[in-house]
$ cat run_21.pdb   # PDB, C-alpha atoms, pLDDT in the B column
MODEL        1
ATOM      1  CA  MET A   1      67.016  20.036 -56.707  1.00 39.00           C
ATOM      2  CA  SER A   2      68.969  20.037 -53.467  1.00 44.00           C
ATOM      3  CA  VAL A   3      70.273  23.386 -52.284  1.00 44.00           C
ATOM      4  CA  ILE A   4      74.002  23.273 -51.520  1.00 47.00           C
ATOM      5  CA  PRO A   5      75.539  26.629 -50.550  1.00 46.00           C
ATOM      6  CA  ASP A   6      78.550  27.926 -52.436  1.00 48.00           C
ATOM      7  CA  LYS A   7      81.873  27.067 -50.876  1.00 46.00           C
ATOM      8  CA  GLY A   8      82.526  30.740 -50.262  1.00 48.00           C
ATOM      9  CA  THR A   9      79.352  31.293 -48.224  1.00 47.00           C
ATOM     10  CA  ALA A  10      80.230  32.567 -44.765  1.00 43.00           C
ATOM     11  CA  ALA A  11      79.135  30.190 -42.025  1.00 54.00           C
ATOM     12  CA  GLN A  12      78.915  31.042 -38.354  1.00 65.00           C
ATOM     13  CA  VAL A  13      78.640  27.331 -37.439  1.00 78.00           C
ATOM     14  CA  PRO A  14      80.619  25.252 -39.972  1.00 86.00           C
ATOM     15  CA  ALA A  15      79.577  21.887 -38.502  1.00 87.00           C
ATOM     16  CA  ALA A  16      75.892  22.785 -38.804  1.00 90.00           C
ATOM     17  CA  GLU A  17      76.355  24.053 -42.344  1.00 90.00           C
ATOM     18  CA  ASN A  18      78.237  20.916 -43.401  1.00 91.00           C
ATOM     19  CA  THR A  19      75.617  18.692 -41.784  1.00 92.00           C
ATOM     20  CA  LEU A  20      72.869  20.402 -43.775  1.00 90.00           C
ATOM     21  CA  ARG A  21      74.928  20.186 -46.963  1.00 92.00           C
ATOM     22  CA  ILE A  22      75.339  16.428 -46.484  1.00 93.00           C
ATOM     23  CA  LEU A  23      71.610  15.932 -45.875  1.00 90.00           C
ATOM     24  CA  SER A  24      70.763  18.052 -48.919  1.00 87.00           C
ATOM     25  CA  TYR A  25      73.195  16.078 -51.030  1.00 90.00           C
ATOM     26  CA  LEU A  26      71.763  12.721 -49.935  1.00 88.00           C
ATOM     27  CA  ALA A  27      68.209  13.970 -50.520  1.00 81.00           C
ATOM     28  CA  GLY A  28      69.097  14.712 -54.141  1.00 78.00           C
ATOM     29  CA  ARG A  29      70.570  11.267 -54.875  1.00 80.00           C
ATOM     30  CA  PRO A  30      68.403   8.485 -56.345  1.00 74.00           C
ATOM     31  CA  ALA A  31      70.214   5.875 -54.200  1.00 79.00           C
ATOM     32  CA  PRO A  32      72.619   5.682 -51.238  1.00 86.00           C
ATOM     33  CA  VAL A  33      76.189   6.816 -51.974  1.00 89.00           C
ATOM     34  CA  ALA A  34      79.701   6.221 -50.631  1.00 92.00           C
ATOM     35  CA  ALA A  35      81.165   8.593 -48.051  1.00 93.00           C
ATOM     36  CA  SER A  36      84.103   9.209 -50.390  1.00 93.00           C
ATOM     37  CA  ALA A  37      81.684  10.511 -53.041  1.00 93.00           C
ATOM     38  CA  ILE A  38      80.083  12.868 -50.509  1.00 94.00           C
ATOM     39  CA  ALA A  39      83.487  14.199 -49.495  1.00 94.00           C
ATOM     40  CA  ARG A  40      84.535  14.676 -53.118  1.00 93.00           C
ATOM     41  CA  GLU A  41      81.318  16.350 -54.306  1.00 93.00           C
ATOM     42  CA  LEU A  42      81.081  18.687 -51.303  1.00 94.00           C
ATOM     43  CA  GLU A  43      84.848  19.285 -51.134  1.00 93.00           C
ATOM     44  CA  LEU A  44      85.016  18.290 -47.483  1.00 93.00           C
ATOM     45  CA  PRO A  45      87.704  16.331 -45.616  1.00 93.00           C
ATOM     46  CA  ARG A  46      86.847  12.634 -45.413  1.00 92.00           C
ATOM     47  CA  SER A  47      87.348  12.657 -41.657  1.00 92.00           C
ATOM     48  CA  THR A  48      84.762  15.439 -41.321  1.00 93.00           C
ATOM     49  CA  VAL A  49      82.275  13.567 -43.493  1.00 94.00           C
ATOM     50  CA  TYR A  50      82.661  10.313 -41.544  1.00 92.00           C
ATOM     51  CA  HIS A  51      82.300  12.118 -38.218  1.00 93.00           C
ATOM     52  CA  LEU A  52      79.118  13.917 -39.297  1.00 94.00           C
ATOM     53  CA  LEU A  53      77.633  10.795 -40.902  1.00 93.00           C
ATOM     54  CA  THR A  54      78.238   8.802 -37.722  1.00 92.00           C
ATOM     55  CA  THR A  55      76.477  11.459 -35.644  1.00 92.00           C
ATOM     56  CA  LEU A  56      73.565  11.679 -38.096  1.00 91.00           C
ATOM     57  CA  ALA A  57      73.227   7.881 -38.059  1.00 88.00           C
ATOM     58  CA  ALA A  58      73.032   7.859 -34.249  1.00 87.00           C
ATOM     59  CA  TYR A  59      69.951  10.084 -34.481  1.00 83.00           C
ATOM     60  CA  GLY A  60      68.400   8.199 -37.390  1.00 82.00           C
ATOM     61  CA  PHE A  61      68.831  10.910 -40.033  1.00 86.00           C
ATOM     62  CA  VAL A  62      71.072   8.715 -42.171  1.00 88.00           C
ATOM     63  CA  LEU A  63      71.618   4.980 -42.365  1.00 84.00           C
ATOM     64  CA  HIS A  64      74.796   3.053 -43.122  1.00 86.00           C
ATOM     65  CA  LEU A  65      74.490   0.141 -45.534  1.00 82.00           C
ATOM     66  CA  ARG A  66      77.533  -1.755 -44.364  1.00 79.00           C
ATOM     67  CA  GLU A  67      77.664  -4.376 -47.116  1.00 76.00           C
ATOM     68  CA  GLU A  68      77.524  -1.735 -49.875  1.00 80.00           C
ATOM     69  CA  ARG A  69      79.630   0.766 -47.864  1.00 86.00           C
ATOM     70  CA  ARG A  70      77.111   3.458 -48.718  1.00 89.00           C
ATOM     71  CA  TRP A  71      74.998   5.993 -46.867  1.00 90.00           C
ATOM     72  CA  GLY A  72      71.394   7.073 -47.410  1.00 85.00           C
ATOM     73  CA  LEU A  73      68.657   9.024 -45.667  1.00 81.00           C
ATOM     74  CA  GLY A  74      67.229   7.471 -42.505  1.00 80.00           C
ATOM     75  CA  THR A  75      63.785   7.332 -40.954  1.00 69.00           C
ATOM     76  CA  SER A  76      64.209  10.604 -39.025  1.00 74.00           C
ATOM     77  CA  ALA A  77      64.639  12.368 -42.354  1.00 74.00           C
ATOM     78  CA  PHE A  78      61.335  10.819 -43.430  1.00 65.00           C
ATOM     79  CA  GLU A  79      59.742  12.284 -40.301  1.00 65.00           C
ATOM     80  CA  LEU A  80      60.946  15.775 -41.233  1.00 68.00           C
ATOM     81  CA  ALA A  81      59.727  15.354 -44.799  1.00 62.00           C
ATOM     82  CA  GLY A  82      56.364  14.177 -43.550  1.00 57.00           C
ATOM     83  CA  GLY A  83      56.074  17.181 -41.238  1.00 60.00           C
ATOM     84  CA  TYR A  84      56.770  19.570 -44.097  1.00 57.00           C
ATOM     85  CA  ALA A  85      54.319  17.759 -46.346  1.00 54.00           C
ATOM     86  CA  ARG A  86      51.548  18.007 -43.767  1.00 53.00           C
ATOM     87  CA  GLN A  87      51.982  21.739 -43.424  1.00 50.00           C
ATOM     88  CA  GLN A  88      52.876  22.808 -46.931  1.00 60.00           C
ATOM     89  CA  PRO A  89      51.921  22.312 -50.594  1.00 71.00           C
ATOM     90  CA  LEU A  90      51.373  18.556 -50.662  1.00 82.00           C
ATOM     91  CA  ALA A  91      48.270  18.449 -48.471  1.00 84.00           C
ATOM     92  CA  ARG A  92      47.007  21.828 -49.692  1.00 85.00           C
ATOM     93  CA  ARG A  93      47.304  20.979 -53.376  1.00 88.00           C
ATOM     94  CA  GLY A  94      46.369  17.350 -52.953  1.00 92.00           C
ATOM     95  CA  ARG A  95      43.114  17.872 -51.051  1.00 92.00           C
ATOM     96  CA  PRO A  96      40.964  19.164 -53.975  1.00 95.00           C
ATOM     97  CA  LEU A  97      42.350  16.495 -56.315  1.00 96.00           C
ATOM     98  CA  VAL A  98      41.638  13.687 -53.847  1.00 96.00           C
ATOM     99  CA  ALA A  99      38.144  15.096 -53.245  1.00 95.00           C
ATOM    100  CA  ALA A 100      37.487  15.172 -56.999  1.00 96.00           C
ATOM    101  CA  LEU A 101      38.764  11.585 -57.300  1.00 96.00           C
ATOM    102  CA  SER A 102      36.405  10.449 -54.540  1.00 95.00           C
ATOM    103  CA  ASP A 103      33.451  12.229 -56.174  1.00 94.00           C
ATOM    104  CA  ARG A 104      34.292  10.779 -59.584  1.00 94.00           C
ATOM    105  CA  LEU A 105      34.509   7.175 -58.357  1.00 94.00           C
ATOM    106  CA  GLY A 106      31.986   7.314 -55.534  1.00 92.00           C
ATOM    107  CA  GLU A 107      34.545   5.707 -53.225  1.00 93.00           C
ATOM    108  CA  SER A 108      36.758   6.920 -50.381  1.00 93.00           C
ATOM    109  CA  ALA A 109      40.171   8.321 -51.367  1.00 95.00           C
ATOM    110  CA  HIS A 110      43.309   9.240 -49.437  1.00 95.00           C
ATOM    111  CA  LEU A 111      46.705  10.919 -49.659  1.00 95.00           C
ATOM    112  CA  ALA A 112      49.485   9.552 -47.453  1.00 93.00           C
ATOM    113  CA  VAL A 113      53.219  10.050 -46.836  1.00 89.00           C
ATOM    114  CA  MET A 114      55.899   7.707 -45.511  1.00 87.00           C
ATOM    115  CA  SER A 115      56.862   8.051 -41.856  1.00 83.00           C
ATOM    116  CA  GLY A 116      59.534   5.490 -41.059  1.00 80.00           C
ATOM    117  CA  GLY A 117      57.971   2.084 -41.645  1.00 88.00           C
ATOM    118  CA  ASP A 118      54.440   3.521 -41.525  1.00 90.00           C
ATOM    119  CA  VAL A 119      52.220   5.547 -43.789  1.00 91.00           C
ATOM    120  CA  LEU A 120      50.728   8.717 -42.343  1.00 88.00           C
ATOM    121  CA  TYR A 121      47.434   9.919 -43.830  1.00 90.00           C
ATOM    122  CA  ILE A 122      47.374  13.663 -44.537  1.00 89.00           C
ATOM    123  CA  VAL A 123      44.191  13.902 -46.653  1.00 90.00           C
ATOM    124  CA  GLU A 124      41.066  11.750 -46.270  1.00 90.00           C
ATOM    125  CA  GLU A 125      37.890  12.049 -48.359  1.00 90.00           C
ATOM    126  CA  ARG A 126      35.054   9.758 -47.275  1.00 89.00           C
ATOM    127  CA  ALA A 127      32.446   8.831 -49.872  1.00 84.00           C
ATOM    128  CA  PRO A 128      28.827   8.800 -48.649  1.00 84.00           C
ATOM    129  CA  ARG A 129      27.179   5.484 -47.852  1.00 77.00           C
ATOM    130  CA  ARG A 130      30.455   3.580 -47.954  1.00 78.00           C
ATOM    131  CA  PRO A 131      31.916   1.272 -45.270  1.00 71.00           C
ATOM    132  CA  ALA A 132      33.660   2.847 -42.279  1.00 72.00           C
ATOM    133  CA  LEU A 133      37.442   2.980 -42.637  1.00 82.00           C
ATOM    134  CA  VAL A 134      40.311   2.880 -40.160  1.00 76.00           C
ATOM    135  CA  THR A 135      42.151   5.547 -42.178  1.00 77.00           C
ATOM    136  CA  ASP A 136      41.823   9.220 -41.266  1.00 75.00           C
ATOM    137  CA  VAL A 137      44.023  12.315 -41.153  1.00 80.00           C
ATOM    138  CA  GLY A 138      46.827  11.662 -38.669  1.00 78.00           C
ATOM    139  CA  VAL A 139      46.351   7.873 -38.605  1.00 85.00           C
ATOM    140  CA  ARG A 140      49.430   5.693 -39.081  1.00 88.00           C
ATOM    141  CA  LEU A 141      49.360   2.182 -40.550  1.00 93.00           C
ATOM    142  CA  PRO A 142      52.134  -0.298 -41.436  1.00 94.00           C
ATOM    143  CA  ALA A 143      53.404   0.660 -44.892  1.00 95.00           C
ATOM    144  CA  HIS A 144      53.911  -2.928 -46.072  1.00 97.00           C
ATOM    145  CA  LEU A 145      50.196  -3.692 -45.554  1.00 96.00           C
ATOM    146  CA  THR A 146      48.679  -0.680 -47.348  1.00 97.00           C
ATOM    147  CA  ALA A 147      48.363   0.120 -51.042  1.00 97.00           C
ATOM    148  CA  SER A 148      49.718   3.614 -50.364  1.00 97.00           C
ATOM    149  CA  GLY A 149      52.743   2.273 -48.514  1.00 97.00           C
ATOM    150  CA  ARG A 150      53.488  -0.402 -51.085  1.00 98.00           C
ATOM    151  CA  ALA A 151      53.330   2.148 -53.895  1.00 98.00           C
ATOM    152  CA  MET A 152      55.925   4.306 -52.124  1.00 96.00           C
ATOM    153  CA  LEU A 153      58.123   1.397 -51.047  1.00 97.00           C
ATOM    154  CA  ALA A 154      58.241   0.148 -54.638  1.00 97.00           C
ATOM    155  CA  ALA A 155      59.556   3.559 -55.697  1.00 95.00           C
ATOM    156  CA  LEU A 156      62.314   3.654 -53.060  1.00 91.00           C
ATOM    157  CA  PRO A 157      65.840   2.381 -53.735  1.00 87.00           C
ATOM    158  CA  ARG A 158      66.037  -1.306 -52.830  1.00 87.00           C
ATOM    159  CA  GLU A 159      68.754  -0.546 -50.263  1.00 85.00           C
ATOM    160  CA  GLN A 160      66.380   1.802 -48.468  1.00 85.00           C
ATOM    161  CA  VAL A 161      63.702  -0.886 -48.306  1.00 91.00           C
ATOM    162  CA  ARG A 162      66.213  -3.362 -46.878  1.00 88.00           C
ATOM    163  CA  ALA A 163      67.147  -0.870 -44.184  1.00 85.00           C
ATOM    164  CA  LEU A 164      63.482  -0.361 -43.226  1.00 88.00           C
ATOM    165  CA  TYR A 165      62.726  -4.118 -43.271  1.00 91.00           C
ATOM    166  CA  PRO A 166      65.897  -5.957 -42.220  1.00 89.00           C
ATOM    167  CA  ASP A 167      64.220  -9.088 -40.825  1.00 91.00           C
ATOM    168  CA  ALA A 168      60.900 -10.749 -39.951  1.00 92.00           C
ATOM    169  CA  SER A 169      60.629  -8.930 -36.596  1.00 91.00           C
ATOM    170  CA  VAL A 170      59.474  -5.694 -38.285  1.00 90.00           C
ATOM    171  CA  PHE A 171      56.423  -7.128 -40.082  1.00 95.00           C
ATOM    172  CA  PRO A 172      53.309  -6.583 -37.937  1.00 91.00           C
ATOM    173  CA  ASP A 173      50.005  -7.823 -39.331  1.00 90.00           C
ATOM    174  CA  ARG A 174      46.369  -6.859 -38.740  1.00 90.00           C
ATOM    175  CA  THR A 175      44.298  -9.619 -40.329  1.00 90.00           C
ATOM    176  CA  GLY A 176      46.827 -12.429 -40.728  1.00 91.00           C
ATOM    177  CA  LEU A 177      47.506 -11.475 -44.347  1.00 93.00           C
ATOM    178  CA  GLY A 178      50.390  -9.706 -46.051  1.00 94.00           C
ATOM    179  CA  PRO A 179      54.169 -10.194 -46.343  1.00 95.00           C
ATOM    180  CA  ARG A 180      55.969 -11.448 -43.255  1.00 95.00           C
ATOM    181  CA  THR A 181      59.591 -11.609 -44.408  1.00 96.00           C
ATOM    182  CA  PRO A 182      61.943  -9.387 -46.438  1.00 95.00           C
ATOM    183  CA  ARG A 183      61.838 -11.914 -49.268  1.00 96.00           C
ATOM    184  CA  GLU A 184      58.032 -11.859 -49.451  1.00 97.00           C
ATOM    185  CA  LEU A 185      58.066  -8.065 -49.445  1.00 97.00           C
ATOM    186  CA  ARG A 186      60.681  -7.927 -52.237  1.00 96.00           C
ATOM    187  CA  GLU A 187      58.521 -10.192 -54.393  1.00 97.00           C
ATOM    188  CA  LEU A 188      55.414  -8.121 -53.699  1.00 97.00           C
ATOM    189  CA  LEU A 189      57.214  -4.882 -54.607  1.00 98.00           C
ATOM    190  CA  ARG A 190      58.500  -6.424 -57.845  1.00 97.00           C
ATOM    191  CA  GLU A 191      54.876  -7.076 -58.775  1.00 97.00           C
ATOM    192  CA  VAL A 192      53.953  -3.470 -57.921  1.00 97.00           C
ATOM    193  CA  ARG A 193      56.709  -2.126 -60.203  1.00 97.00           C
ATOM    194  CA  ALA A 194      55.661  -4.415 -63.045  1.00 96.00           C
ATOM    195  CA  ARG A 195      51.959  -3.543 -62.689  1.00 96.00           C
ATOM    196  CA  GLY A 196      52.445   0.189 -62.198  1.00 96.00           C
ATOM    197  CA  TYR A 197      50.241   0.424 -59.102  1.00 97.00           C
ATOM    198  CA  ALA A 198      49.918  -1.227 -55.684  1.00 98.00           C
ATOM    199  CA  THR A 199      47.033  -3.258 -54.331  1.00 97.00           C
ATOM    200  CA  GLU A 200      45.804  -4.405 -50.935  1.00 95.00           C
ATOM    201  CA  ASN A 201      42.980  -6.852 -50.239  1.00 93.00           C
ATOM    202  CA  SER A 202      41.665  -7.348 -46.681  1.00 91.00           C
ATOM    203  CA  GLU A 203      45.128  -6.795 -45.157  1.00 94.00           C
ATOM    204  CA  ILE A 204      44.048  -3.690 -43.241  1.00 93.00           C
ATOM    205  CA  ALA A 205      40.347  -4.462 -42.767  1.00 90.00           C
ATOM    206  CA  GLU A 206      38.528  -7.581 -43.898  1.00 89.00           C
ATOM    207  CA  GLY A 207      36.364  -7.089 -46.973  1.00 89.00           C
ATOM    208  CA  LEU A 208      38.020  -3.839 -48.064  1.00 92.00           C
ATOM    209  CA  ARG A 209      40.396  -3.420 -50.990  1.00 94.00           C
ATOM    210  CA  SER A 210      42.633  -0.542 -52.103  1.00 95.00           C
ATOM    211  CA  VAL A 211      44.781   0.558 -55.021  1.00 97.00           C
ATOM    212  CA  GLY A 212      47.552   3.133 -54.702  1.00 98.00           C
ATOM    213  CA  VAL A 213      49.989   5.069 -56.908  1.00 98.00           C
ATOM    214  CA  ALA A 214      53.081   6.971 -55.772  1.00 97.00           C
ATOM    215  CA  VAL A 215      53.505  10.723 -56.244  1.00 95.00           C
ATOM    216  CA  ARG A 216      57.168  11.374 -57.119  1.00 92.00           C
ATOM    217  CA  ASP A 217      59.374  14.450 -57.010  1.00 86.00           C
ATOM    218  CA  HIS A 218      61.747  15.527 -59.781  1.00 82.00           C
ATOM    219  CA  THR A 219      64.343  12.922 -58.721  1.00 80.00           C
ATOM    220  CA  GLY A 220      61.818  10.067 -58.710  1.00 86.00           C
ATOM    221  CA  TRP A 221      61.624   9.973 -54.905  1.00 87.00           C
ATOM    222  CA  PRO A 222      58.123   9.069 -53.604  1.00 91.00           C
ATOM    223  CA  MET A 223      56.779  12.129 -51.794  1.00 88.00           C
ATOM    224  CA  ALA A 224      53.368  10.586 -51.175  1.00 92.00           C
ATOM    225  CA  ALA A 225      50.781   8.196 -52.598  1.00 96.00           C
ATOM    226  CA  VAL A 226      47.180   8.517 -53.696  1.00 97.00           C
ATOM    227  CA  ALA A 227      44.846   5.599 -52.986  1.00 97.00           C
ATOM    228  CA  VAL A 228      41.199   4.562 -53.225  1.00 96.00           C
ATOM    229  CA  THR A 229      39.461   2.037 -50.960  1.00 95.00           C
ATOM    230  CA  TRP A 230      36.293   0.122 -51.849  1.00 93.00           C
ATOM    231  CA  ALA A 231      34.248  -2.952 -50.921  1.00 90.00           C
ATOM    232  CA  ARG A 232      31.992  -3.586 -53.921  1.00 73.00           C
ATOM    233  CA  GLU A 233      33.016  -6.619 -55.957  1.00 75.00           C
ATOM    234  CA  ASP A 234      31.609  -5.241 -59.230  1.00 72.00           C
ATOM    235  CA  LEU A 235      34.276  -2.546 -59.526  1.00 81.00           C
ATOM    236  CA  GLU A 236      37.192  -3.149 -61.878  1.00 88.00           C
ATOM    237  CA  GLU A 237      40.566  -2.813 -60.208  1.00 92.00           C
ATOM    238  CA  GLU A 238      42.349  -1.633 -63.351  1.00 93.00           C
ATOM    239  CA  ALA A 239      39.811   1.122 -64.013  1.00 93.00           C
ATOM    240  CA  LEU A 240      40.140   2.387 -60.448  1.00 95.00           C
ATOM    241  CA  ALA A 241      43.922   2.222 -60.688  1.00 96.00           C
ATOM    242  CA  GLU A 242      43.913   4.278 -63.868  1.00 96.00           C
ATOM    243  CA  ALA A 243      41.844   7.008 -62.185  1.00 97.00           C
ATOM    244  CA  VAL A 244      44.213   6.993 -59.194  1.00 97.00           C
ATOM    245  CA  ARG A 245      47.219   7.190 -61.542  1.00 97.00           C
ATOM    246  CA  GLU A 246      45.744  10.218 -63.307  1.00 97.00           C
ATOM    247  CA  CYS A 247      45.216  11.955 -59.958  1.00 97.00           C
ATOM    248  CA  ALA A 248      48.803  11.197 -58.863  1.00 97.00           C
ATOM    249  CA  GLU A 249      50.228  12.499 -62.140  1.00 96.00           C
ATOM    250  CA  ILE A 250      48.268  15.760 -61.906  1.00 95.00           C
ATOM    251  CA  LEU A 251      49.466  16.283 -58.327  1.00 94.00           C
ATOM    252  CA  GLU A 252      53.062  15.580 -59.406  1.00 91.00           C
ATOM    253  CA  SER A 253      52.869  18.174 -62.167  1.00 91.00           C
ATOM    254  CA  ARG A 254      51.371  20.825 -59.856  1.00 88.00           C
ATOM    255  CA  LEU A 255      54.010  20.275 -57.181  1.00 82.00           C
ATOM    256  CA  LYS A 256      56.818  20.687 -59.715  1.00 77.00           C
ATOM    257  CA  ARG A 257      55.663  24.128 -60.859  1.00 70.00           C
TER     258      ARG A 257
ENDMDL
END
$ encode --input "run_21.pdb" --output "structure tokens"
Amino acid sequence: MSVIPDKGTAAQVPAAENTLRILSYLAGRPAPVAASAIARELELPRSTVYHLLTTLAAYGFVLHLREERRWGLGTSAFELAGGYARQQPLARRGRPLVAALSDRLGESAHLAVMSGGDVLYIVEERAPRRPALVTDVGVRLPAHLTASGRAMLAALPREQVRALYPDASVFPDRTGLGPRTPRELRELLREVRARGYATENSEIAEGLRSVGVAVRDHTGWPMAAVAVTWAREDLEEEALAEAVRECAEILESRLKR
């Protein structure tokens, strides 16, 4: 639940207080909202709201969806969320669960958060005698190419995904595979939503596959994603995905306590 101070709270710096109230309000919405709704809900003058939103947009903390005339959180807000997650309960509570998942499956497992258009790995558990991986704590990879990233992107509002991937210029590739246009990404994410988990096959490193499941907060926003990477062809994708889903659900429940 977002924390919005009472109207009567004394503020030494009103502009700073109102800026934080707007960010808190947007963080608690499941999708971008109109500036008029922000002004009404927070009981602020529309001119004040537009001025603060414009300033926040210039620094990347909010984004303006011009066609829908709505505002949502921007990539700089993701950076702040990722910084908190790395230092606070997400990594601390996720580490033993990811380690147990790796031990159970005998494969490498990870926990990652969104950071702009990338995923940032905050927990990495390497299984013994398994192929070397490019993932590690602190490593960033393009979100649209990873199972972790796809799981989180599929859980984001569609407007947010469009803002992160407006055109073909923002689709780097590593092995020549993966979506290269917004349309291809939309279709891929539809498949992720229908299946209930994300997959990746040789798009980060040839011969390696991954499955990932998003970890959501109480509003449904993807805080992180759990994933497993493997190379053996005899493993069943659905069985691995079910184990990853169980891990993600346990982490969700522990974070909500």
$ closest_atom_pairs --input "run_21.pdb" --of "region 109-223 of chain A" --to "region 44-67 of chain A" --cutoff "10 Å" --atoms "all atoms listed in the file" --output "JSON lines"
{"residue": "A:Gly116", "atom": "CA", "partner": "A:Gly60", "partner_atom": "CA", "distance": 10.0}
{"residue": "A:Glu159", "atom": "CA", "partner": "A:Leu65", "partner_atom": "CA", "distance": 7.5}
{"residue": "A:Gln160", "atom": "CA", "partner": "A:Leu63", "partner_atom": "CA", "distance": 8.6}
{"residue": "A:Arg162", "atom": "CA", "partner": "A:Leu65", "partner_atom": "CA", "distance": 9.1}
{"residue": "A:Ala163", "atom": "CA", "partner": "A:Leu65", "partner_atom": "CA", "distance": 7.5}
{"residue": "A:Leu164", "atom": "CA", "partner": "A:Leu63", "partner_atom": "CA", "distance": 9.8}
$ write_last_selection --input "run_21.pdb" --atoms "C-alpha atoms" --output "short mmCIF file (atom, residue, chain, number, x, y, z; two decimals), in the frame of the given file"
data_model
loop_
_atom_site.label_atom_id
_atom_site.label_comp_id
_atom_site.auth_asym_id
_atom_site.auth_seq_id
_atom_site.Cartn_x
_atom_site.Cartn_y
_atom_site.Cartn_z
CA GLY A 116 59.53 5.49 -41.06
CA GLU A 159 68.75 -0.55 -50.26
CA GLN A 160 66.38 1.80 -48.47
CA ARG A 162 66.21 -3.36 -46.88
CA ALA A 163 67.15 -0.87 -44.18
CA LEU A 164 63.48 -0.36 -43.23
#
$ atom_distance --input "run_21.pdb" --atom1 "CA of Thr135 (chain A)" --atom2 "CA of Met223 (chain A)"
18.7 Å
$ closest_residue --input "run_21.pdb" --among "A:Ala16, A:Val215, A:Val244, A:Ala91" --to "Lys256 (chain A)" --atoms "only C-alpha atoms"
A:Val215
$ closest_residue --input "run_21.pdb" --among "A:Leu240, A:Leu153, A:Val192, A:Val161" --to "Ala225 (chain A)" --atoms "only C-alpha atoms"
A:Leu153
$ closest_residue --input "run_21.pdb" --among "A:Ala154, A:Leu111, A:Ala127, A:Ala241" --to "Val139 (chain A)" --atoms "only C-alpha atoms"
A:Leu111
$ resolve_selection --input "run_21.pdb" --expression "the PyMOL selection byres ((chain A and resi 237) around 12)" --output "VMD selection string"
chain A and resid 105 195 197 to 201 209 to 212 227 to 236 238 to 244
$ resolve_selection --input "run_21.pdb" --expression "the PyMOL selection byres ((chain A and resi 144) around 12)" --output "PyMOL selection string"
chain A and resi 114+116-119+140-143+145-154+161+164-165+170-174+177-182+184-189+192+198-200+203-204
$ closest_atom_pairs --input "run_21.pdb" --of "region 122-223 of chain A" --to "region 25-37 of chain A" --cutoff "9 Å" --atoms "all atoms listed in the file" --output "Markdown table"
| residue | atom | partner | partner_atom | distance |
| --- | --- | --- | --- | --- |
| A:Leu156 | CA | A:Ala31 | CA | 8.3 |
| A:Pro157 | CA | A:Ala31 | CA | 5.6 |
| A:Arg158 | CA | A:Ala31 | CA | 8.4 |
| A:Glu159 | CA | A:Pro32 | CA | 7.4 |
| A:Gln160 | CA | A:Pro32 | CA | 7.9 |
| A:Thr219 | CA | A:Pro30 | CA | 6.5 |
| A:Gly220 | CA | A:Pro30 | CA | 7.2 |
| A:Trp221 | CA | A:Pro30 | CA | 7.1 |
$ resolve_selection --input "run_21.pdb" --expression "the PyMOL selection byres ((chain A and resi 97) around 12)" --output "ChimeraX atom specification"
/A:90-96,98-104,109-111,123-125,226-227,243-252,254
$ atom_distance --input "run_21.pdb" --atom1 "CA of Arg70 (chain A)" --atom2 "CA of Thr19 (chain A)"
16.8 Å
$ atom_distance --input "run_21.pdb" --atom1 "CA of Arg190 (chain A)" --atom2 "CA of Gly72 (chain A)"
21.4 Å
$ axis_aligned_box --input "run_21.pdb" --around "region 172-180 of chain A" --padding-each-side "6 Å" --output "JSON"
{"center_x": 50.1, "center_y": -9.5, "center_z": -42.1, "size_x": 23.7, "size_y": 17.8, "size_z": 20.4}
